[in-house]
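Structure file coords28.txt; described as compact mmCIF, C-alpha atoms.
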# COMPACT_ATOMS: atom_id res chain seq x y z
CA MET A 47 0.00 0.00 0.00
CA ASN A 48 2.63 2.58 -0.97
CA GLY A 49 1.86 6.08 -2.29
CA GLU A 50 3.59 5.57 -5.61
CA HIS A 51 1.32 2.62 -6.33
CA ILE A 52 -1.88 4.50 -5.55
CA LYS A 53 -0.69 7.42 -7.67
CA LYS A 54 -0.44 5.11 -10.66
CA ILE A 55 -3.99 3.84 -10.21
CA LYS A 56 -5.15 7.43 -9.73
CA GLU A 57 -3.63 8.36 -13.11
CA VAL A 58 -5.53 5.58 -14.86
CA GLU A 59 -8.71 6.62 -13.06
CA GLU A 60 -8.41 10.27 -14.16
CA MET A 61 -7.91 9.14 -17.76
CA LEU A 62 -10.92 6.80 -17.62
CA LEU A 63 -13.07 9.61 -16.19
CA ASP A 64 -11.95 11.82 -19.08
CA VAL A 65 -12.89 9.15 -21.63
CA GLY A 66 -16.27 8.42 -20.02
CA THR A 67 -17.40 12.01 -19.58
CA LEU A 68 -16.23 12.96 -23.09
CA LEU A 69 -18.22 10.10 -24.63
CA MET A 70 -21.31 10.76 -22.53
CA SER A 71 -21.43 14.49 -23.27
CA ASN A 72 -20.84 14.09 -27.00
CA GLY A 73 -23.63 11.77 -28.03
CA ALA A 74 -22.65 8.19 -27.12
CA SER A 75 -25.19 5.84 -25.56
CA THR A 76 -24.73 4.58 -21.99
CA GLY A 77 -23.86 1.09 -23.22
CA ARG A 78 -21.08 2.46 -25.41
CA VAL A 79 -19.59 4.47 -22.52
CA ARG A 80 -19.55 1.36 -20.34
CA THR A 81 -18.04 -0.92 -23.01
CA THR A 82 -15.35 1.56 -24.01
CA VAL A 83 -14.24 2.39 -20.45
CA ASN A 84 -14.19 -1.31 -19.54
CA ARG A 85 -12.21 -2.16 -22.66
CA ILE A 86 -9.53 0.46 -21.98
CA ALA A 87 -9.24 -0.49 -18.29
CA GLU A 88 -8.91 -4.16 -19.12
CA ALA A 89 -6.21 -3.48 -21.71
CA LEU A 90 -4.17 -1.62 -19.06
CA GLY A 91 -4.63 -4.41 -16.52
CA TYR A 92 -7.27 -2.87 -14.26
CA GLU A 93 -10.80 -3.73 -13.26
CA VAL A 94 -13.40 -1.00 -13.21
CA GLU A 95 -16.94 -0.64 -11.85
CA LEU A 96 -19.05 2.20 -13.23
CA LEU A 97 -22.05 4.24 -12.19
CA ILE A 98 -23.17 6.21 -15.23
CA THR A 99 -25.83 8.88 -14.99
CA SER A 100 -26.51 11.53 -17.55
CA ARG A 101 -24.73 14.36 -15.71
CA SER A 102 -22.11 12.55 -13.64
CA LEU A 103 -19.80 9.56 -13.84
CA MET A 104 -18.51 7.53 -10.90
CA LEU A 105 -15.96 4.77 -11.08
CA THR A 106 -13.90 2.48 -8.91
CA VAL A 107 -10.63 1.20 -10.33
CA THR A 108 -9.03 -1.92 -8.87
CA GLU A 109 -5.81 -3.42 -10.12
CA GLU A 110 -6.10 -6.97 -11.35
CA ASN A 111 -4.85 -9.49 -8.76
CA GLY A 112 -4.29 -6.65 -6.30
CA SER A 113 -6.10 -5.12 -3.37
CA ASP A 114 -5.45 -1.42 -4.03
CA TYR A 115 -8.31 0.63 -5.42
CA THR A 116 -9.48 4.22 -5.81
CA SER A 117 -12.91 5.75 -6.44
CA SER A 118 -14.00 9.11 -7.69
CA VAL A 119 -16.86 11.01 -9.24
CA ARG A 120 -16.83 13.60 -11.98
CA ARG A 121 -19.50 15.94 -13.25
CA THR A 122 -20.31 15.44 -16.93
CA PRO A 123 -20.41 18.69 -18.93
CA PRO A 124 -23.68 19.68 -20.65
CA HIS A 125 -24.52 17.41 -23.56
CA GLY A 126 -23.74 18.40 -27.13
CA VAL A 127 -23.11 16.30 -30.21
CA ASN A 128 -19.65 15.74 -31.63
CA PHE A 129 -19.38 12.44 -33.47
CA LYS A 130 -15.78 13.09 -34.48
CA LEU A 131 -14.84 12.70 -30.82
CA VAL A 132 -17.02 9.63 -30.28
CA SER A 133 -15.57 7.90 -33.31
CA GLY A 134 -12.02 9.01 -32.46
CA ILE A 135 -12.23 7.58 -28.94
CA SER A 136 -13.68 4.35 -30.29
CA ARG A 137 -10.72 3.95 -32.67
CA MET A 138 -8.29 4.86 -29.92
CA SER A 139 -9.69 2.17 -27.61
CA TRP A 140 -8.74 -0.46 -30.19
CA ARG A 141 -5.26 0.99 -30.60
CA ILE A 142 -4.81 0.76 -26.82
CA ILE A 143 -5.37 -3.00 -27.03
CA GLU A 144 -3.28 -3.59 -30.12
CA ASP A 145 -0.39 -1.14 -29.72
CA LYS A 146 -0.30 -1.29 -25.89
CA LEU A 147 -0.42 2.50 -25.47
CA SER A 148 0.71 3.91 -22.13
CA VAL A 149 -1.48 6.19 -20.01
CA GLU A 150 0.62 9.17 -21.10
CA GLN A 151 0.14 8.35 -24.78
CA ILE A 152 -3.59 7.96 -24.22
CA ASN A 153 -3.78 11.37 -22.55
CA GLN A 154 -1.90 12.90 -25.47
CA ASP A 155 -4.28 11.28 -27.91
CA LEU A 156 -7.28 12.54 -25.91
CA SER A 157 -6.08 16.13 -26.02
CA ARG A 158 -5.42 15.74 -29.75
CA LEU A 159 -8.99 14.48 -30.24
CA ARG A 160 -10.35 17.34 -28.13
CA SER A 161 -8.63 19.91 -30.32
CA LEU A 162 -9.74 18.43 -33.65
CA PRO A 163 -11.31 21.25 -35.65
CA HIS A 164 -15.06 21.41 -36.31
CA TYR A 165 -16.24 22.08 -39.84
CA PRO A 166 -15.91 25.80 -40.73
CA ARG A 167 -18.88 27.75 -39.42
CA LEU A 168 -20.02 28.93 -42.85
CA VAL A 169 -19.94 25.36 -44.19
CA VAL A 170 -22.07 24.13 -41.27
CA LEU A 171 -24.56 26.98 -41.65
CA SER A 172 -24.89 26.49 -45.42
CA LEU A 173 -25.19 22.71 -45.37
CA VAL A 174 -27.71 22.70 -42.53
CA ALA A 175 -29.66 25.39 -44.40
CA LEU A 176 -29.52 23.16 -47.49
CA ALA A 177 -30.90 20.35 -45.33
CA GLY A 178 -33.76 22.67 -44.32
CA ALA A 179 -34.48 23.41 -47.98
CA SER A 180 -34.39 19.67 -48.72
CA PHE A 181 -36.92 19.01 -45.97
CA CYS A 182 -39.14 21.68 -47.51
CA ARG A 183 -38.93 19.95 -50.90
CA LEU A 184 -39.69 16.56 -49.32
CA PHE A 185 -42.85 17.94 -47.73
CA GLY A 186 -43.96 19.28 -51.11
CA GLY A 187 -42.68 22.87 -51.14
CA ASP A 188 -41.82 24.71 -54.36
CA ALA A 189 -38.60 26.57 -55.25
CA VAL A 190 -39.58 29.84 -53.54
CA GLU A 191 -40.50 28.04 -50.32
CA MET A 192 -37.20 26.16 -50.45
CA ILE A 193 -35.32 29.46 -50.55
CA VAL A 194 -37.38 30.74 -47.61
CA ALA A 195 -36.61 27.56 -45.64
CA PHE A 196 -32.91 27.92 -46.53
CA VAL A 197 -32.71 31.50 -45.24
CA ALA A 198 -34.81 30.75 -42.15
CA THR A 199 -32.67 27.74 -41.18
CA PHE A 200 -29.45 29.66 -41.81
CA VAL A 201 -30.49 32.55 -39.57
CA GLY A 202 -32.03 30.26 -36.95
CA LEU A 203 -28.90 28.13 -36.59
CA PHE A 204 -26.72 31.25 -36.46
CA ILE A 205 -28.83 32.61 -33.59
CA ARG A 206 -28.69 29.31 -31.74
CA GLN A 207 -24.89 29.20 -32.02
CA GLU A 208 -24.62 32.78 -30.77
CA ALA A 209 -27.02 32.12 -27.87
CA ILE A 210 -25.00 29.06 -26.81
CA LYS A 211 -21.78 31.10 -27.02
CA LYS A 212 -23.34 33.72 -24.73
CA ARG A 213 -24.16 30.88 -22.29
CA PHE A 214 -27.93 31.16 -22.40
CA ASN A 215 -29.94 28.25 -21.04
CA PRO A 216 -29.81 25.61 -23.83
CA TYR A 217 -33.59 25.32 -24.02
CA LEU A 218 -33.92 29.10 -24.24
CA ALA A 219 -31.37 29.09 -27.07
CA ILE A 220 -33.67 26.67 -28.91
CA VAL A 221 -36.69 28.91 -28.29
CA PHE A 222 -34.76 31.88 -29.74
CA ALA A 223 -33.67 29.89 -32.80
CA SER A 224 -37.10 28.42 -33.41
CA PHE A 225 -38.71 31.86 -33.01
CA ALA A 226 -36.27 33.53 -35.41
CA ALA A 227 -36.58 30.82 -38.06
CA SER A 228 -40.36 30.74 -37.97
CA MET A 229 -40.58 34.57 -37.93
CA ILE A 230 -38.71 34.61 -41.25
CA SER A 231 -40.85 31.92 -42.85
CA GLY A 232 -43.99 33.37 -41.24
CA LEU A 233 -43.30 36.89 -42.56
CA SER A 234 -42.66 35.47 -46.01
CA VAL A 235 -46.12 33.91 -45.85
CA ARG A 236 -47.59 37.25 -44.78
CA LEU A 237 -45.87 39.04 -47.64
CA GLY A 238 -47.27 36.43 -50.02
CA THR A 239 -44.19 34.75 -51.44
CA GLY A 240 -45.22 31.14 -51.01
CA ASN A 241 -48.59 29.81 -52.09
CA THR A 242 -49.25 27.86 -48.91
CA SER A 243 -48.10 28.63 -45.39
CA GLU A 244 -47.42 25.10 -44.29
CA HIS A 245 -44.28 23.94 -46.03
CA ALA A 246 -41.73 26.62 -45.21
CA LEU A 247 -43.11 27.16 -41.70
CA ALA A 248 -43.20 23.49 -40.76
CA THR A 249 -39.72 22.78 -42.12
CA SER A 250 -37.78 25.89 -41.07
CA VAL A 251 -37.51 24.64 -37.45
CA LEU A 252 -36.61 21.03 -38.23
CA PHE A 253 -32.87 21.64 -37.81
CA LEU A 254 -33.56 21.81 -34.05
CA ILE A 255 -35.21 18.40 -33.66
CA PRO A 256 -33.74 16.33 -30.81
CA GLY A 257 -32.74 13.33 -32.95
CA VAL A 258 -29.72 12.29 -30.90
CA PRO A 259 -31.46 12.48 -27.47
CA PHE A 260 -34.45 10.48 -28.74
CA ILE A 261 -32.50 7.74 -30.51
CA ASN A 262 -30.02 7.42 -27.64
CA SER A 263 -32.98 7.35 -25.25
CA LEU A 264 -34.45 4.35 -27.03
CA THR A 265 -31.07 2.62 -27.34
CA ASP A 266 -30.59 3.04 -23.58
CA LEU A 267 -34.09 1.79 -22.78
CA LEU A 268 -33.66 -1.30 -24.98
CA ASP A 269 -30.22 -1.87 -23.48
CA GLY A 270 -31.60 -1.96 -19.93
CA ASN A 271 -30.22 1.45 -18.91
CA THR A 272 -33.76 2.49 -18.11
CA LEU A 273 -33.00 5.48 -15.91
CA ASN A 274 -30.65 7.13 -18.41
CA GLY A 275 -33.12 6.36 -21.19
CA ILE A 276 -35.88 8.19 -19.34
CA VAL A 277 -33.63 11.17 -18.60
CA ARG A 278 -32.66 11.47 -22.27
CA GLY A 279 -36.28 11.11 -23.37
CA VAL A 280 -37.45 13.86 -21.01
CA ASN A 281 -34.65 16.08 -22.30
CA GLY A 282 -35.83 15.40 -25.85
CA PHE A 283 -39.41 16.31 -24.93
CA ILE A 284 -38.36 19.63 -23.39
CA ILE A 285 -36.44 20.42 -26.58
CA ALA A 286 -39.52 19.56 -28.67
CA PHE A 287 -41.68 21.82 -26.49
CA SER A 288 -39.13 24.64 -26.79
CA ILE A 289 -39.30 24.36 -30.58
CA ALA A 290 -43.11 24.42 -30.48
CA PHE A 291 -43.11 27.40 -28.13
CA GLY A 292 -40.90 29.51 -30.41
CA LEU A 293 -42.94 28.48 -33.44
CA MET A 294 -46.22 29.33 -31.73
CA LEU A 295 -45.00 32.78 -30.64
CA ALA A 296 -43.95 33.62 -34.20
CA MET A 297 -47.23 32.35 -35.63
CA LYS A 298 -49.27 34.45 -33.21
CA ILE A 299 -47.22 37.54 -34.06
CA CYS A 300 -47.54 36.95 -37.80
CA GLY A 301 -51.23 36.20 -37.34
CA ILE A 302 -51.22 32.84 -39.14
CA MET B 1496 -46.31 5.52 -63.31
CA SER B 1497 -42.87 6.38 -64.71
CA LEU B 1498 -43.44 10.03 -63.80
CA GLU B 1499 -44.11 8.95 -60.23
CA PHE B 1500 -40.82 7.05 -60.17
CA ILE B 1501 -38.93 10.11 -61.43
CA SER B 1502 -40.45 12.27 -58.72
CA ILE B 1503 -39.57 9.69 -56.08
CA PHE B 1504 -36.03 9.49 -57.39
CA GLU B 1505 -35.74 13.26 -57.18
CA LYS B 1506 -36.88 13.11 -53.57
CA GLY B 1507 -34.12 10.59 -52.90
CA ILE B 1508 -31.59 13.31 -53.75
CA TRP B 1509 -33.18 15.67 -51.23
CA PHE B 1510 -33.27 12.93 -48.58
CA GLY B 1511 -29.51 12.63 -49.09
CA PHE B 1512 -28.87 16.35 -48.67
CA ALA B 1513 -31.03 16.55 -45.55
CA ALA B 1514 -29.01 13.69 -44.04
CA LEU B 1515 -25.73 15.33 -45.06
CA GLY B 1516 -26.69 18.62 -43.37
CA PHE B 1517 -27.29 16.84 -40.08
CA GLY B 1518 -24.05 14.92 -40.47
CA VAL B 1519 -22.17 18.20 -40.66
CA LEU B 1520 -24.18 19.63 -37.75
CA PHE B 1521 -23.19 16.61 -35.62
CA ASN B 1522 -19.56 17.01 -36.74
CA VAL B 1523 -19.10 13.51 -38.17
CA PRO B 1524 -15.66 12.58 -39.56
CA GLN B 1525 -15.19 13.68 -43.16
CA ARG B 1526 -14.82 10.10 -44.43
CA ALA B 1527 -18.41 9.40 -43.33
CA LEU B 1528 -20.12 12.20 -45.27
CA LEU B 1529 -20.61 10.46 -48.63
CA ILE B 1530 -21.87 7.29 -46.91
CA ILE B 1531 -24.35 9.35 -44.91
CA TRP B 1532 -25.65 10.97 -48.09
CA LEU B 1533 -26.12 7.54 -49.71
CA MET B 1534 -27.71 6.01 -46.62
CA GLY B 1535 -30.10 8.92 -46.19
CA ALA B 1536 -31.19 8.56 -49.82
CA ALA B 1537 -31.51 4.76 -49.55
CA GLY B 1538 -33.63 4.92 -46.40
CA GLY B 1539 -35.88 7.63 -47.78
CA LEU B 1540 -36.33 5.86 -51.14
CA THR B 1541 -37.24 2.61 -49.37
CA LYS B 1542 -39.92 4.44 -47.41
CA LEU B 1543 -41.35 6.22 -50.48
CA LEU B 1544 -41.34 3.09 -52.67
CA LEU B 1545 -43.13 1.06 -50.03
CA MET B 1546 -45.69 3.84 -49.63
CA LEU B 1547 -46.19 3.82 -53.40
CA PHE B 1548 -47.33 0.21 -53.01
CA SER B 1549 -49.83 1.49 -50.44
CA ILE B 1550 -48.02 0.30 -47.36
CA ASP B 1551 -48.77 2.32 -44.23
CA ILE B 1552 -46.38 5.22 -43.52
CA VAL B 1553 -45.44 3.88 -40.08
CA LEU B 1554 -44.46 0.46 -41.43
CA ALA B 1555 -42.71 2.02 -44.44
CA THR B 1556 -40.68 4.28 -42.13
CA PHE B 1557 -39.79 1.31 -39.96
CA ALA B 1558 -38.48 -0.54 -43.03
CA GLY B 1559 -36.46 2.50 -44.15
CA ALA B 1560 -34.97 2.98 -40.68
CA THR B 1561 -34.12 -0.71 -40.35
CA LEU B 1562 -32.32 -0.61 -43.69
CA VAL B 1563 -30.34 2.41 -42.48
CA GLY B 1564 -29.56 0.57 -39.25
CA ILE B 1565 -28.27 -2.50 -41.10
CA LEU B 1566 -26.23 -0.41 -43.56
CA SER B 1567 -24.75 1.57 -40.66
CA VAL B 1568 -23.35 -1.61 -39.11
CA SER B 1569 -21.49 -2.54 -42.28
CA ALA B 1570 -20.40 1.08 -42.78
CA ALA B 1571 -19.00 0.97 -39.25
CA HIS B 1572 -16.88 -2.05 -40.20
CA ASN B 1573 -15.49 -0.39 -43.29
CA LYS B 1574 -15.00 3.18 -42.13
CA HIS B 1575 -13.92 2.56 -38.52
CA ALA B 1576 -16.56 4.63 -36.75
CA PRO B 1577 -19.40 3.60 -34.43
CA PRO B 1578 -22.69 2.79 -36.27
CA LEU B 1579 -24.58 5.68 -34.69
CA VAL B 1580 -22.29 8.15 -36.48
CA PHE B 1581 -23.90 7.02 -39.74
CA SER B 1582 -27.38 6.00 -38.71
CA ILE B 1583 -28.55 9.03 -36.73
CA PRO B 1584 -27.97 11.63 -39.47
CA ALA B 1585 -29.34 9.22 -42.10
CA VAL B 1586 -32.74 8.64 -40.45
CA ILE B 1587 -33.38 12.26 -39.50
CA PRO B 1588 -34.82 13.15 -42.96
CA MET B 1589 -37.64 10.68 -42.24
CA VAL B 1590 -38.89 12.52 -39.13
CA PRO B 1591 -42.60 13.34 -39.36
CA GLY B 1592 -42.18 17.12 -39.33
CA ALA B 1593 -45.41 17.86 -41.15
CA PHE B 1594 -47.51 15.63 -38.86
CA ALA B 1595 -45.90 17.13 -35.76
CA TYR B 1596 -46.62 20.61 -37.08
CA ARG B 1597 -50.27 19.81 -37.77
CA MET B 1598 -50.63 18.21 -34.35
CA MET B 1599 -49.28 21.36 -32.76
CA LEU B 1600 -51.69 23.55 -34.73
CA GLY B 1601 -54.52 21.29 -33.60
CA LEU B 1602 -53.48 21.50 -29.95
CA ILE B 1603 -53.34 25.30 -30.13
CA LYS B 1604 -56.79 25.33 -31.71
CA LEU B 1605 -58.25 22.96 -29.13
CA SER B 1606 -56.95 24.98 -26.19
CA GLY B 1607 -58.07 28.30 -27.66
CA THR B 1608 -61.46 29.96 -27.98
CA ALA B 1609 -61.76 29.67 -31.76
CA VAL B 1610 -63.26 26.18 -31.59
CA THR B 1611 -67.05 25.86 -31.57
CA ASN B 1612 -69.01 22.83 -30.46
CA GLU B 1613 -69.52 21.62 -34.02
CA THR B 1614 -65.86 21.74 -35.06
CA TYR B 1615 -64.46 20.51 -31.75
CA SER B 1616 -64.79 16.78 -32.33
CA GLN B 1617 -63.44 17.05 -35.86
CA THR B 1618 -60.40 19.04 -34.68
CA LEU B 1619 -59.90 16.61 -31.82
CA GLY B 1620 -59.97 13.65 -34.19
CA GLU B 1621 -57.51 15.22 -36.62
CA THR B 1622 -55.17 16.22 -33.82
CA ALA B 1623 -55.23 12.74 -32.28
CA SER B 1624 -54.58 11.15 -35.67
CA ASN B 1625 -51.67 13.47 -36.47
CA GLY B 1626 -50.25 13.09 -32.99
CA LEU B 1627 -50.40 9.30 -33.04
CA LYS B 1628 -48.78 9.21 -36.49
CA THR B 1629 -45.98 11.46 -35.21
CA LEU B 1630 -45.47 9.29 -32.14
CA PHE B 1631 -45.46 5.95 -33.94
CA ILE B 1632 -43.23 7.17 -36.77
CA LEU B 1633 -40.73 8.50 -34.21
CA ILE B 1634 -40.78 5.20 -32.32
CA SER B 1635 -40.34 3.17 -35.50
CA LEU B 1636 -37.39 5.37 -36.52
CA ALA B 1637 -35.65 4.89 -33.21
CA VAL B 1638 -36.38 1.17 -32.94
CA GLY B 1639 -35.47 0.54 -36.57
CA VAL B 1640 -32.07 2.12 -36.00
CA ALA B 1641 -31.45 0.67 -32.56
CA ILE B 1642 -32.28 -2.99 -33.21
CA PRO B 1643 -29.51 -3.74 -35.75
CA MET B 1644 -27.02 -1.92 -33.48
CA LEU B 1645 -28.05 -4.01 -30.48
CA ILE B 1646 -28.07 -7.30 -32.36
CA SER B 1647 -24.71 -6.73 -34.02
CA ARG B 1648 -22.79 -5.46 -31.02
CA LYS B 1649 -20.72 -8.59 -30.38
CA GLU B 1650 -20.04 -9.18 -34.03
CA THR B 1651 -19.00 -5.55 -34.57
CA ILE B 1652 -16.30 -5.76 -31.96
CA LYS B 1653 -14.79 -8.91 -33.47
CA ARG B 1654 -14.88 -7.70 -37.04
CA ILE B 1655 -13.36 -4.31 -36.26
CA ARG B 1656 -10.50 -5.98 -34.43
CA HIS B 1657 -9.94 -8.15 -37.47
CA ILE B 1658 -9.94 -5.22 -39.87
CA SER B 1659 -7.74 -2.92 -37.84
CA ASP B 1660 -5.15 -5.68 -37.57
CA SER B 1661 -4.35 -5.14 -41.21
CA ASP B 1662 -4.83 -1.40 -41.05
CA ALA B 1663 -1.93 0.97 -40.64
CA GLU B 1664 -3.83 3.89 -39.13

Using the file provided, produce a representation of the structure as structure tokens.
Amino acid sequence: MNGEHIKKIKEVEEMLLDVGTLLMSNGASTGRVRTTVNRIAEALGYEVELLITSRSLMLTVTEENGSDYTSSVRRTPPHGVNFKLVSGISRMSWRIIEDKLSVEQINQDLSRLRSLPHYPRLVVLSLVALAGASFCRLFGGDAVEMIVAFVATFVGLFIRQEAIKKRFNPYLAIVFASFAASMISGLSVRLGTGNTSEHALATSVLFLIPGVPFINSLTDLLDGNTLNGIVRGVNGFIIAFSIAFGLMLAMKICGI
Amino acid sequence: MSLEFISIFEKGIWFGFAALGFGVLFNVPQRALLIIWLMGAAGGLTKLLLMLFSIDIVLATFAGATLVGILSVSAAHNKHAPPLVFSIPAVIPMVPGAFAYRMMLGLIKLSGTAVTNETYSQTLGETASNGLKTLFILISLAVGVAIPMLISRKETIKRIRHISDSDAE
């Protein structure tokens, strides 16, 4: 039971907490967090027990064939979606097994993955706006309505990004974005550009839909992680209500 | 009939772009983008073709989502990324946005003063129908995607190990 020994386990534990919280807050399901953390711990010769909730992670690391162990808890940052990180960590976990990476190398790789660039902002805005226009076409909109949906989505997403940067409540950021997007499509209906109101209005807020929370919620429920599944589902419902609230405000103002 | 097929094919292109937009929004790795476009189009086309043969929208969506789920597992093997990286963006174009919107309009109407006794039951019926369609389509999307991922978990791990053995990166 010497201090040096415990320090080594502590290092592994800190790294595992990093991996787990990063996965959880970037769109991985509970089952994936558990499998990945277990896999990495096993490869390094440790046993780990996990308690995973949506906003915190607790783990106990024991060394194989030893009696020394440490436990600690870490708060998980607010959830976002970054699949580059999820997929990067998944690849790394296999390299740990095959190339026998040390804890130091893993930490280096984690900070590299953290600093991987996102797509340029303009590219994200334009492609998501194009997705909005595509939705509009799929629901039967014409060319003019597609342009309206494009502009509305572009502006809406821009406002959401700005609101998140200014650290507004995430649900409030969605209300702002939904309101802005539907104001644009609603005003265009008022000014008589599109022939029907439905298409552009209904599709200009679709970029906000909580796809990742809902699908992860169901994956968790089917996987037996019932509590986390319920938490994710409730989160998805609040997002859906926020979208509806912003849309309703804009419709009342535009008098549709 | 052939005109219908052309219009469905055109919609396939838009399904792809809608999926691609969400892929970029979720910051997927660049190597996954083309696959996501193709999978979005394939899932959407499956749904539309089945609906053309008068299969119910809920069942058709379930089939489309299941196809996306299965494709995502094999894409995960080939492109070294978890299946959800491909499947979540690819099924999002099938979300029932129009039904959800109409349900919301109905709810606003029902809770407001504009509804008279005569129109109340009709509005209620329409709202319930739109709401149930929204709910069941959402569930079939999520289940369709989740089931192949759950079934294939063990196999995925083995196959990826096998592939990355011969892979330099």

Interface list for chain A, partner chain B, 7 Å threshold, all atoms listed in the file, as a VMD selection string: chain A and resid 127 to 130 133 137 164 to 165 170 173 to 174 176 to 178 180 to 181 184 248 to 249 252 257 to 258 261 264 to 265

Separation of atom CA of A:Ala226 from atom CA of A:Pro256, in Å and rounded to one decimal: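 Separation of atom CA of A:Ala226 and atom CA of A:Pro256: 18.0 Å.
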
Shell of 9 Å around stretch 1616-1621 of chain B, all atoms listed in the file, local chain residues under 5 positions omitted, as JSON, numbers by chain: {"B": [1597, 1598, 1601, 1602, 1604, 1605, 1610, 1626]}

Export of the given selection (C-alpha atoms) as a PDB file, in the coordinates of the input:
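Result written to out.pdb:
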ATOM      1  CA  ARG B1597     -50.270  19.810 -37.770  1.00  0.00           C
ATOM      2  CA  MET B1598     -50.630  18.210 -34.350  1.00  0.00           C
ATOM      3  CA  GLY B1601     -54.520  21.290 -33.600  1.00  0.00           C
ATOM      4  CA  LEU B1602     -53.480  21.500 -29.950  1.00  0.00           C
ATOM      5  CA  LYS B1604     -56.790  25.330 -31.710  1.00  0.00           C
ATOM      6  CA  LEU B1605     -58.250  22.960 -29.130  1.00  0.00           C
ATOM      7  CA  VAL B1610     -63.260  26.180 -31.590  1.00  0.00           C
ATOM      8  CA  GLY B1626     -50.250  13.090 -32.990  1.00  0.00           C
TER       9      GLY B1626
END

Radius query 7 Å about (-30.5, -1.9, -48.1), atoms used: only C-alpha atoms, as a list in words: Ala1537, Leu1562 and Leu1566 of chain B

Pick from A:Ile205, A:Leu233, A:Leu267, A:Leu273, whichever lies nearest to A:Leu97 using only C-alpha atoms: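 Closest residue, counting only C-alpha atoms: A:Leu273.
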
Selection: 9 Å around stretch 54-60 of chain A, only C-alpha atoms, excl. self and same-chain fewer than 2 positions, as a list in words: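 My reading of the contact set: Gly49, Glu50, His51, Ile52, Leu62, Leu63, Asp64, Val65, Ala87, Leu90, Tyr92, Val94, Leu105, Thr106, Val107, Thr108, Glu109, Asp114, Tyr115, Thr116, Ser117, Ser118 and Val149 of chain A.
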
Selection near A:Ser148, 12 Å with only C-alpha atoms, sequence-local residues under 2 positions removed, as a list in words: Lys54, Glu57, Val58, Met61, Ile86, Ala87, Ala89, Leu90, Gly91, Met138, Ser139, Arg141, Ile142, Ile143, Glu144, Asp145, Lys146, Glu150, Gln151, Ile152, Asn153, Gln154 and Asp155 of chain A

Keeping C-alpha atoms, export the residues of the selection given above as an mmCIF file, in the frame of the given file.
data_model
loop_
_atom_site.group_PDB
_atom_site.id
_atom_site.type_symbol
_atom_site.label_atom_id
_atom_site.label_comp_id
_atom_site.auth_asym_id
_atom_site.auth_seq_id
_atom_site.Cartn_x
_atom_site.Cartn_y
_atom_site.Cartn_z
ATOM 1 C CA LYS A 54 -0.440 5.110 -10.660
ATOM 2 C CA GLU A 57 -3.630 8.360 -13.110
ATOM 3 C CA VAL A 58 -5.530 5.580 -14.860
ATOM 4 C CA MET A 61 -7.910 9.140 -17.760
ATOM 5 C CA ILE A 86 -9.530 0.460 -21.980
ATOM 6 C CA ALA A 87 -9.240 -0.490 -18.290
ATOM 7 C CA ALA A 89 -6.210 -3.480 -21.710
ATOM 8 C CA LEU A 90 -4.170 -1.620 -19.060
ATOM 9 C CA GLY A 91 -4.630 -4.410 -16.520
ATOM 10 C CA MET A 138 -8.290 4.860 -29.920
ATOM 11 C CA SER A 139 -9.690 2.170 -27.610
ATOM 12 C CA ARG A 141 -5.260 0.990 -30.600
ATOM 13 C CA ILE A 142 -4.810 0.760 -26.820
ATOM 14 C CA ILE A 143 -5.370 -3.000 -27.030
ATOM 15 C CA GLU A 144 -3.280 -3.590 -30.120
ATOM 16 C CA ASP A 145 -0.390 -1.140 -29.720
ATOM 17 C CA LYS A 146 -0.300 -1.290 -25.890
ATOM 18 C CA GLU A 150 0.620 9.170 -21.100
ATOM 19 C CA GLN A 151 0.140 8.350 -24.780
ATOM 20 C CA ILE A 152 -3.590 7.960 -24.220
ATOM 21 C CA ASN A 153 -3.780 11.370 -22.550
ATOM 22 C CA GLN A 154 -1.900 12.900 -25.470
ATOM 23 C CA ASP A 155 -4.280 11.280 -27.910
#

Residue list as number ranges by chain for point (-44.1, -2.1, -39.0), cut-off 12 Å, all atoms listed in the file: B: 1542, 1545, 1550-1561, 1631-1632, 1634-1636, 1638-1639

Gap from atom CA of A:Asn215 to atom CA of A:Ile230 - Å, one decimal: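 Computing it gives 22.9 Å between the two atoms.
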
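Proximity ranking of A:Ala195, A:Cys300, A:Ile220, A:Leu247 relative to A:Ala286 places A:Ile220 first, based on only C-alpha atoms.
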
Atom pair atom CA of A:Met297 / atom CA of A:Gly279: separation (Å): 26.9 Å

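Minimum distance to B:Lys1574 across B:Ile1501, B:Arg1526, B:Asn1625, B:Ile1646 (counting only C-alpha atoms) occurs at B:Arg1526.
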
I'd like the contact shell of A:Arg206 - 7 Å cut-off, all atoms listed in the file, skipping same-chain residues fewer than 6 positions apart - returned as a PDB file with C-alpha atoms, in the frame of the given file.
ATOM      1  CA  ALA A 219     -31.370  29.090 -27.070  1.00  0.00           C
ATOM      2  CA  ILE A 220     -33.670  26.670 -28.910  1.00  0.00           C
ATOM      3  CA  PHE A 222     -34.760  31.880 -29.740  1.00  0.00           C
ATOM      4  CA  ALA A 223     -33.670  29.890 -32.800  1.00  0.00           C
TER       5      ALA A 223
END

For B:Leu1529, the nearest of the candidates B:Ala1609, B:Ala1623, B:Ala1585, B:Leu1630, counting all atoms listed in the file: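 Selected residue with least distance to B:Leu1529: B:Ala1585.
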
From B:Gly1538, B:Ile1530, B:Phe1504, B:Leu1543, residue lying nearest B:Ser1569 [only C-alpha atoms]: B:Ile1530

Non-local contacts of A:Thr199 (6 Å; all atoms listed in the file; under 2 positions in same chain excluded) as a list of chain:residue names: A:Ala175, A:Ala195, A:Phe196, A:Val197, A:Val201, A:Gly202, A:Leu203, A:Ala227, A:Ser250
